[in-house]
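Participant: I am sharing run03.cif, which consists of mmCIF, C-alpha atoms:
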```cif
data_target
loop_
_atom_site.label_atom_id
_atom_site.label_comp_id
_atom_site.auth_asym_id
_atom_site.auth_seq_id
_atom_site.Cartn_x
_atom_site.Cartn_y
_atom_site.Cartn_z
CA MET A 1 -40.87 -42.18 49.71
CA THR A 2 -38.83 -43.26 52.73
CA ASP A 3 -35.30 -42.25 53.45
CA THR A 4 -34.12 -45.65 52.31
CA GLU A 5 -35.94 -45.20 49.00
CA LYS A 6 -34.41 -41.80 48.22
CA ALA A 7 -32.46 -41.61 44.98
CA PRO A 8 -28.74 -42.01 45.53
CA VAL A 9 -26.74 -38.81 45.46
CA GLN A 10 -24.79 -38.49 42.20
CA PRO A 11 -21.07 -38.29 42.89
CA LYS A 12 -19.37 -35.11 41.86
CA ARG A 13 -17.53 -35.30 38.57
CA LYS A 14 -13.80 -35.40 39.01
CA GLY A 15 -11.25 -33.93 36.63
CA LEU A 16 -10.76 -30.66 34.79
CA SER A 17 -13.44 -28.72 33.01
CA ARG A 18 -13.18 -28.06 29.27
CA ARG A 19 -12.03 -24.49 29.86
CA GLN A 20 -9.39 -25.65 32.30
CA LYS A 21 -8.14 -28.22 29.80
CA ARG A 22 -7.81 -25.54 27.12
CA SER A 23 -5.93 -23.27 29.51
CA LEU A 24 -3.62 -26.11 30.52
CA SER A 25 -2.97 -27.04 26.87
CA ARG A 26 -2.22 -23.42 26.01
CA GLY A 27 0.13 -23.12 28.96
CA ILE A 28 2.01 -26.26 27.92
CA GLN A 29 2.41 -24.97 24.37
CA TYR A 30 3.75 -21.63 25.57
CA THR A 31 6.14 -23.41 27.91
CA VAL A 32 7.46 -25.63 25.12
CA PHE A 33 7.89 -22.62 22.84
CA VAL A 34 9.77 -20.60 25.44
CA ALA A 35 11.95 -23.59 26.29
CA ALA A 36 12.81 -24.10 22.61
CA VAL A 37 13.73 -20.42 22.19
CA ILE A 38 15.93 -20.49 25.29
CA ALA A 39 17.61 -23.72 24.17
CA PHE A 40 18.33 -22.21 20.74
CA ALA A 41 19.66 -18.99 22.26
CA VAL A 42 21.96 -20.89 24.61
CA ALA A 43 23.20 -23.43 22.05
CA ALA A 44 23.88 -21.02 19.17
CA ASP A 45 27.37 -19.60 18.72
CA TRP A 46 26.39 -15.95 18.33
CA ASP A 47 29.95 -14.70 17.85
CA ARG A 48 30.49 -16.93 14.82
CA LEU A 49 27.09 -16.00 13.41
CA ARG A 50 27.83 -12.30 13.83
CA ASN A 51 31.25 -12.62 12.21
CA GLN A 52 29.82 -14.55 9.25
CA PHE A 53 26.51 -12.76 8.66
CA ALA A 54 26.64 -9.35 10.32
CA GLN A 55 29.75 -7.49 9.23
CA VAL A 56 28.59 -3.89 9.14
CA ASP A 57 31.49 -2.65 7.02
CA ILE A 58 30.73 -5.22 4.30
CA ALA A 59 27.04 -4.38 4.37
CA GLU A 60 27.79 -0.66 4.04
CA ARG A 61 29.88 -1.28 0.91
CA MET A 62 26.86 -2.87 -0.78
CA PHE A 63 24.93 0.40 -0.84
CA PRO A 64 23.61 1.97 -2.97
CA ASP A 65 24.24 -0.70 -5.66
CA VAL A 66 22.19 -3.34 -3.86
CA ILE A 67 19.16 -1.04 -4.26
CA THR A 68 19.84 0.86 -7.47
CA LEU A 69 21.14 -2.18 -9.37
CA ALA A 70 20.23 -5.54 -7.80
CA LEU A 71 16.83 -4.70 -6.36
CA LYS A 72 15.91 -2.66 -9.43
CA ASN A 73 16.71 -5.59 -11.73
CA THR A 74 14.79 -8.01 -9.50
CA VAL A 75 11.69 -5.80 -9.60
CA LEU A 76 12.05 -5.31 -13.37
CA PHE A 77 12.38 -9.06 -13.98
CA THR A 78 9.35 -9.74 -11.79
CA VAL A 79 7.08 -7.09 -13.29
CA THR A 80 7.86 -8.04 -16.90
CA GLY A 81 7.47 -11.75 -16.13
CA PHE A 82 4.16 -11.08 -14.40
CA ALA A 83 2.92 -9.06 -17.40
CA VAL A 84 3.83 -11.84 -19.84
CA GLY A 85 2.31 -14.47 -17.57
CA LEU A 86 -0.91 -12.51 -17.13
CA ALA A 87 -1.39 -11.97 -20.87
CA LEU A 88 -0.57 -15.57 -21.72
CA GLY A 89 -2.61 -16.86 -18.79
CA MET A 90 -5.68 -14.94 -19.98
CA VAL A 91 -5.40 -16.48 -23.45
CA ILE A 92 -4.96 -19.99 -22.04
CA ALA A 93 -7.87 -19.52 -19.63
CA LEU A 94 -10.18 -18.50 -22.48
CA MET A 95 -8.94 -21.47 -24.51
CA ARG A 96 -9.68 -23.69 -21.52
CA LEU A 97 -13.27 -22.41 -21.50
CA SER A 98 -13.67 -22.57 -25.27
CA SER A 99 -16.30 -24.76 -26.91
CA VAL A 100 -13.68 -25.81 -29.47
CA GLY A 101 -12.19 -29.11 -28.36
CA PRO A 102 -8.60 -28.67 -29.67
CA TYR A 103 -8.30 -25.33 -27.87
CA ARG A 104 -9.34 -26.93 -24.58
CA TRP A 105 -6.98 -29.86 -25.07
CA LEU A 106 -4.03 -27.64 -25.98
CA ALA A 107 -4.64 -25.38 -22.97
CA GLY A 108 -4.96 -28.40 -20.67
CA ILE A 109 -1.71 -29.91 -21.95
CA TYR A 110 0.12 -26.60 -21.48
CA ILE A 111 -1.14 -26.21 -17.93
CA GLU A 112 -0.24 -29.75 -16.91
CA ILE A 113 3.26 -29.53 -18.39
CA PHE A 114 4.27 -26.13 -17.07
CA ARG A 115 2.75 -26.69 -13.64
CA GLY A 116 4.60 -30.00 -13.37
CA LEU A 117 8.04 -28.80 -14.45
CA PRO A 118 10.36 -27.00 -11.98
CA ALA A 119 10.95 -23.37 -12.86
CA LEU A 120 14.68 -24.08 -13.05
CA LEU A 121 14.16 -26.38 -16.04
CA ILE A 122 12.13 -23.68 -17.80
CA PHE A 123 15.01 -21.21 -17.40
CA ILE A 124 17.50 -23.76 -18.74
CA PHE A 125 15.17 -24.50 -21.65
CA ILE A 126 14.91 -20.80 -22.56
CA GLY A 127 18.66 -20.26 -22.22
CA VAL A 128 19.84 -23.42 -24.02
CA ALA A 129 17.11 -25.15 -26.02
CA VAL A 130 15.62 -22.10 -27.75
CA PRO A 131 18.96 -20.91 -29.28
CA LEU A 132 19.65 -24.49 -30.44
CA ALA A 133 16.19 -24.90 -31.95
CA PHE A 134 16.21 -21.50 -33.67
CA PRO A 135 19.83 -20.66 -34.61
CA GLY A 136 20.49 -16.97 -35.01
CA THR A 137 17.24 -16.00 -33.31
CA GLU A 138 17.51 -13.53 -30.46
CA ILE A 139 14.76 -13.04 -27.91
CA ILE A 140 13.75 -9.39 -27.80
CA GLY A 141 15.23 -7.61 -24.80
CA GLY A 142 18.23 -9.89 -24.34
CA THR A 143 18.51 -11.25 -20.81
CA TYR A 144 15.54 -9.19 -19.66
CA GLY A 145 13.42 -10.70 -22.44
CA LYS A 146 14.57 -14.22 -21.61
CA VAL A 147 13.74 -13.80 -17.94
CA ALA A 148 10.35 -12.26 -18.74
CA LEU A 149 9.56 -15.18 -21.06
CA ALA A 150 10.75 -17.84 -18.61
CA LEU A 151 8.87 -16.37 -15.66
CA GLY A 152 5.84 -15.73 -17.87
CA LEU A 153 5.71 -19.34 -19.07
CA VAL A 154 5.82 -20.59 -15.48
CA ALA A 155 3.29 -18.07 -14.16
CA ALA A 156 0.85 -18.43 -17.05
CA ALA A 157 0.03 -22.04 -16.16
CA TYR A 158 -1.03 -21.03 -12.64
CA MET A 159 -2.66 -17.76 -13.66
CA ALA A 160 -4.71 -19.50 -16.35
CA GLU A 161 -6.37 -21.76 -13.79
CA THR A 162 -6.89 -18.83 -11.43
CA ILE A 163 -8.47 -16.71 -14.17
CA ARG A 164 -10.63 -19.62 -15.33
CA ALA A 165 -11.91 -20.14 -11.79
CA GLY A 166 -12.63 -16.41 -11.48
CA ILE A 167 -14.59 -16.34 -14.74
CA GLN A 168 -16.63 -19.36 -13.70
CA ALA A 169 -17.32 -17.74 -10.33
CA VAL A 170 -19.15 -14.85 -12.00
CA PRO A 171 -22.91 -15.63 -11.95
CA LYS A 172 -24.18 -16.93 -15.30
CA GLY A 173 -26.95 -14.34 -15.15
CA GLN A 174 -24.36 -11.65 -15.91
CA MET A 175 -23.68 -13.12 -19.34
CA GLU A 176 -27.39 -13.62 -19.98
CA ALA A 177 -28.13 -10.01 -19.01
CA ALA A 178 -25.35 -8.73 -21.27
CA ARG A 179 -26.63 -10.79 -24.20
CA SER A 180 -30.15 -9.47 -23.63
CA LEU A 181 -28.75 -5.94 -23.95
CA GLY A 182 -27.31 -6.77 -27.36
CA PHE A 183 -23.72 -7.59 -26.38
CA SER A 184 -21.94 -10.21 -28.45
CA PRO A 185 -20.42 -13.12 -26.48
CA ALA A 186 -16.89 -11.75 -26.97
CA ARG A 187 -17.83 -8.21 -25.99
CA ALA A 188 -19.79 -9.44 -22.97
CA MET A 189 -16.79 -11.49 -21.85
CA VAL A 190 -14.36 -8.57 -22.20
CA SER A 191 -16.61 -5.80 -20.86
CA ILE A 192 -18.73 -7.58 -18.24
CA ILE A 193 -17.39 -10.97 -17.16
CA VAL A 194 -13.61 -10.48 -17.10
CA PRO A 195 -13.65 -7.24 -15.00
CA GLN A 196 -15.83 -8.96 -12.38
CA ALA A 197 -13.60 -12.04 -12.46
CA PHE A 198 -10.49 -9.95 -11.82
CA ARG A 199 -12.04 -8.44 -8.70
CA ILE A 200 -12.49 -11.98 -7.42
CA ILE A 201 -9.03 -13.27 -8.30
CA LEU A 202 -6.98 -10.20 -7.38
CA PRO A 203 -5.67 -11.68 -4.09
CA PRO A 204 -4.34 -14.93 -5.65
CA LEU A 205 -2.83 -12.97 -8.54
CA THR A 206 -1.00 -10.74 -6.07
CA ASN A 207 0.21 -13.85 -4.28
CA GLU A 208 1.54 -15.11 -7.62
CA LEU A 209 3.47 -11.86 -7.94
CA VAL A 210 5.18 -12.61 -4.62
CA LEU A 211 6.15 -16.07 -5.85
CA LEU A 212 7.54 -14.66 -9.09
CA PHE A 213 9.59 -12.14 -7.13
CA LYS A 214 11.40 -15.03 -5.46
CA ASP A 215 11.64 -17.13 -8.64
CA SER A 216 13.48 -14.27 -10.34
CA SER A 217 16.60 -15.49 -8.50
CA LEU A 218 16.85 -18.27 -11.12
CA VAL A 219 18.09 -15.71 -13.64
CA LEU A 220 21.65 -16.69 -12.75
CA PHE A 221 21.21 -19.87 -14.83
CA LEU A 222 20.80 -17.74 -17.96
CA GLY A 223 24.13 -16.03 -17.49
CA VAL A 224 24.02 -12.31 -16.74
CA THR A 225 26.39 -9.39 -16.97
CA LEU A 226 27.43 -7.31 -13.97
CA GLU A 227 24.76 -4.75 -14.83
CA GLU A 228 22.03 -7.41 -15.09
CA ARG A 229 22.55 -9.07 -11.72
CA GLU A 230 19.54 -9.42 -9.45
CA LEU A 231 19.59 -9.71 -5.67
CA SER A 232 20.60 -13.37 -5.30
CA LYS A 233 23.36 -13.19 -7.91
CA TYR A 234 24.61 -9.88 -6.52
CA GLY A 235 24.72 -11.26 -2.98
CA ARG A 236 26.46 -14.48 -4.00
CA ASP A 237 29.11 -12.64 -6.00
CA LEU A 238 29.97 -10.33 -3.12
CA ALA A 239 29.92 -13.23 -0.66
CA SER A 240 32.53 -14.99 -2.80
CA GLN A 241 34.66 -11.87 -3.07
CA THR A 242 34.60 -11.12 0.66
CA ALA A 243 34.54 -14.75 1.91
CA ASN A 244 31.66 -13.67 4.12
CA SER A 245 27.90 -14.32 4.08
CA THR A 246 26.81 -10.81 5.05
CA PRO A 247 25.91 -9.90 1.43
CA ILE A 248 23.54 -12.88 1.28
CA LEU A 249 21.81 -11.71 4.46
CA VAL A 250 21.46 -8.17 3.09
CA ALA A 251 20.04 -9.54 -0.17
CA GLY A 252 17.54 -11.58 1.83
CA LEU A 253 16.45 -8.49 3.75
CA CYS A 254 15.92 -6.67 0.44
CA TYR A 255 13.61 -9.47 -0.67
CA LEU A 256 11.63 -9.00 2.52
CA LEU A 257 11.28 -5.28 1.79
CA ILE A 258 9.07 -6.30 -1.12
CA THR A 259 7.49 -9.60 -0.10
CA ILE A 260 6.28 -8.56 3.38
CA PRO A 261 4.30 -5.49 2.17
CA LEU A 262 2.90 -7.53 -0.73
CA GLY A 263 1.89 -10.30 1.67
CA PHE A 264 0.12 -7.73 3.85
CA VAL A 265 -1.71 -6.40 0.79
CA VAL A 266 -2.82 -9.94 -0.12
CA ARG A 267 -4.19 -10.57 3.37
CA ARG A 268 -6.07 -7.27 3.35
CA MET A 269 -7.63 -7.99 -0.04
CA GLU A 270 -8.61 -11.49 1.07
CA ALA A 271 -10.21 -10.08 4.21
CA LYS A 272 -12.17 -7.51 2.20
CA ALA A 273 -13.29 -10.18 -0.25
CA GLN A 274 -14.48 -12.33 2.64
CA GLU A 275 -16.38 -9.39 4.15
CA ALA A 276 -18.06 -8.77 0.81
CA VAL A 277 -19.21 -12.39 0.64
CA THR A 278 -20.59 -12.41 4.17
#
```
Step by step, read the file and then write its structure as structure tokens.
Facilitator:
Amino acid sequence: MTDTEKAPVQPKRKGLSRRQKRSLSRGIQYTVFVAAVIAFAVAADWDRLRNQFAQVDIAERMFPDVITLALKNTVLFTVTGFAVGLALGMVIALMRLSSVGPYRWLAGIYIEIFRGLPALLIFIFIGVAVPLAFPGTEIIGGTYGKVALALGLVAAAYMAETIRAGIQAVPKGQMEAARSLGFSPARAMVSIIVPQAFRIILPPLTNELVLLFKDSSLVLFLGVTLEERELSKYGRDLASQTANSTPILVAGLCYLLITIPLGFVVRRMEAKAQEAVT
């Protein structure tokens, strides 16, 4: 082959490599983030924010009641509501899986209704509609019972679907093995299937507990006494009395004392579940 017949030299590719493009994109994103933070820091009126949300003397007056009263009531409302929701959700999940048609239809209607309604309307229904429908009837536990029922009704719709998914995720061979050992269907479900299902659904159930902890703030629509106030109601009352928003900020920080550790627990359980699968 002569020199004139030699293949033409391929021109060098111009432009950035893929790695360089990723580095450039990352640098731009960091630059935009830093610029936004600086712009916010410069534009904000920190003196007014401090005067409105960070009055140390007001915050100090909230203790220890914000912990021993407000936070205690919030935790109590959440735990009782979660217990009611879990028990009711288990029943609805089993109805959803039942071979009896009316049970499945009733469970499906319940789930669709209570997942579609805002939690606020459920609280108003418990506080207003139930006394009108059943005159003279008192819900056991007073305000605590009403909150537990309202939160439980809301949570049960979500928990039922979570539990149903967990039960269906258990291999069918587990039920067949239990039946071959002489277990009745009900006993196999309670002793074999449900415990395995709960190991699967523990992370989403814990996440539901976090959501209920925040929804407990709706208790103010039921009307509560001074001794029954939870964090949001307690913070709003003190904010009105002091004409300052520091109590609301302190109440928010108390919420974070619970929700952040619970969120960490959920992530850890999800990570462990993923490791078990892989």
Participant: So that I can see what lies close to segment 173-175 of chain A, please list as a ChimeraX atom specification the residues with an atom at most 9 Å from it, counting only C-alpha atoms and leaving out residues fewer than 3 positions away in the same chain.
Facilitator: /A:170,178-180,183,185,188-189,192-193
Participant: Which residues fall under the PyMOL selection byres ((chain A and resi 219) around 10) in this file, as a list in words?
Facilitator: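 When the PyMOL selection byres ((chain A and resi 219) around 10) is applied to the shown file, the picked residues are Thr74, Phe77, Leu120, Phe123, Ile124, Gly127, Thr143, Tyr144, Lys146, Val147, Ala148, Ala150, Leu151, Asp215, Ser216, Ser217, Leu218, Leu220, Phe221, Leu222, Gly223, Val224, Glu228, Arg229, Glu230, Ser232 and Lys233 of chain A.
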Participant: Could you please determine the separation between atom CA of Cys254 of chain A and atom CA of Leu71 of chain A in Å, to one decimal place?
Facilitator: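 Computing it gives 7.1 Å between the two atoms.
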Participant: When you count all atoms listed in the file, which of these residues is closest to Pro247 of chain A: A:Ala87, A:Leu262, A:Ala197, A:Ala54?
Facilitator: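 Selected residue with least distance to Pro247 of chain A: A:Ala54.
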Participant: Quick check, in Å to one decimal: how far apart do atom CA of Val75 of chain A and atom CA of Phe213 of chain A lie?
Facilitator: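 Spanning atom CA of Val75 of chain A to atom CA of Phe213 of chain A is a straight-line distance of 7.1 Å.
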Participant: In Å, rounded to a single decimal, give me how far atom CA of Ala70 of chain A is from atom CA of Leu231 of chain A.
Facilitator: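 One can read the atom CA of Leu231 of chain A to atom CA of Ala70 of chain A distance as 4.7 Å.
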Participant: Report the residues retrieved by the PyMOL selection byres ((chain A and resi 270) around 12) from the displayed file, expressed as a list in words.
Facilitator: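 That expression, the PyMOL selection byres ((chain A and resi 270) around 12), corresponds here to Arg199, Ile200, Ile201, Leu202, Pro203, Pro204, Leu205, Thr206, Asn207, Gly263, Phe264, Val265, Val266, Arg267, Arg268, Met269, Ala271, Lys272, Ala273, Gln274, Glu275, Ala276 and Val277 of chain A.
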Participant: What residues come out when you apply the PyMOL selection byres ((chain A and resi 65) around 12) to this file, written as a PyMOL selection string?
Facilitator: chain A and resi 59-64+66-73+226-231+234-235+238+247+250-251+254
Participant: A:Ile163, A:Ile28, A:Val84, A:Leu121: which is nearest Leu149 of chain A, counting only C-alpha atoms?
Facilitator: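 With only C-alpha atoms as the atom set, the closest residue is A:Val84.
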Participant: A:Ser98, A:Thr80, A:Thr259, A:Ser17: which is nearest Arg164 of chain A, counting all atoms listed in the file?
Facilitator: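 Checking each candidate against Arg164 of chain A, we get A:Ser98 as the closest.
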Participant: So, counting only C-alpha atoms, which residue among A:Leu181, A:Ile167, A:Val130, A:Ile122 is closest to Gln196 of chain A?
Facilitator: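 Nearest to Gln196 of chain A: A:Ile167.
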Participant: May I have the residues within 7 Å of Ile92 of chain A as a ChimeraX atom specification, using all atoms listed in the file and disregarding those fewer than 3 positions away in the same chain?
Facilitator: /A:88-89,95-96,107,160
Participant: Between A:Asp57, A:Glu208, A:Glu138, A:Asp237, which is the closest to Phe82 of chain A once you count only C-alpha atoms?
Facilitator: A:Glu208
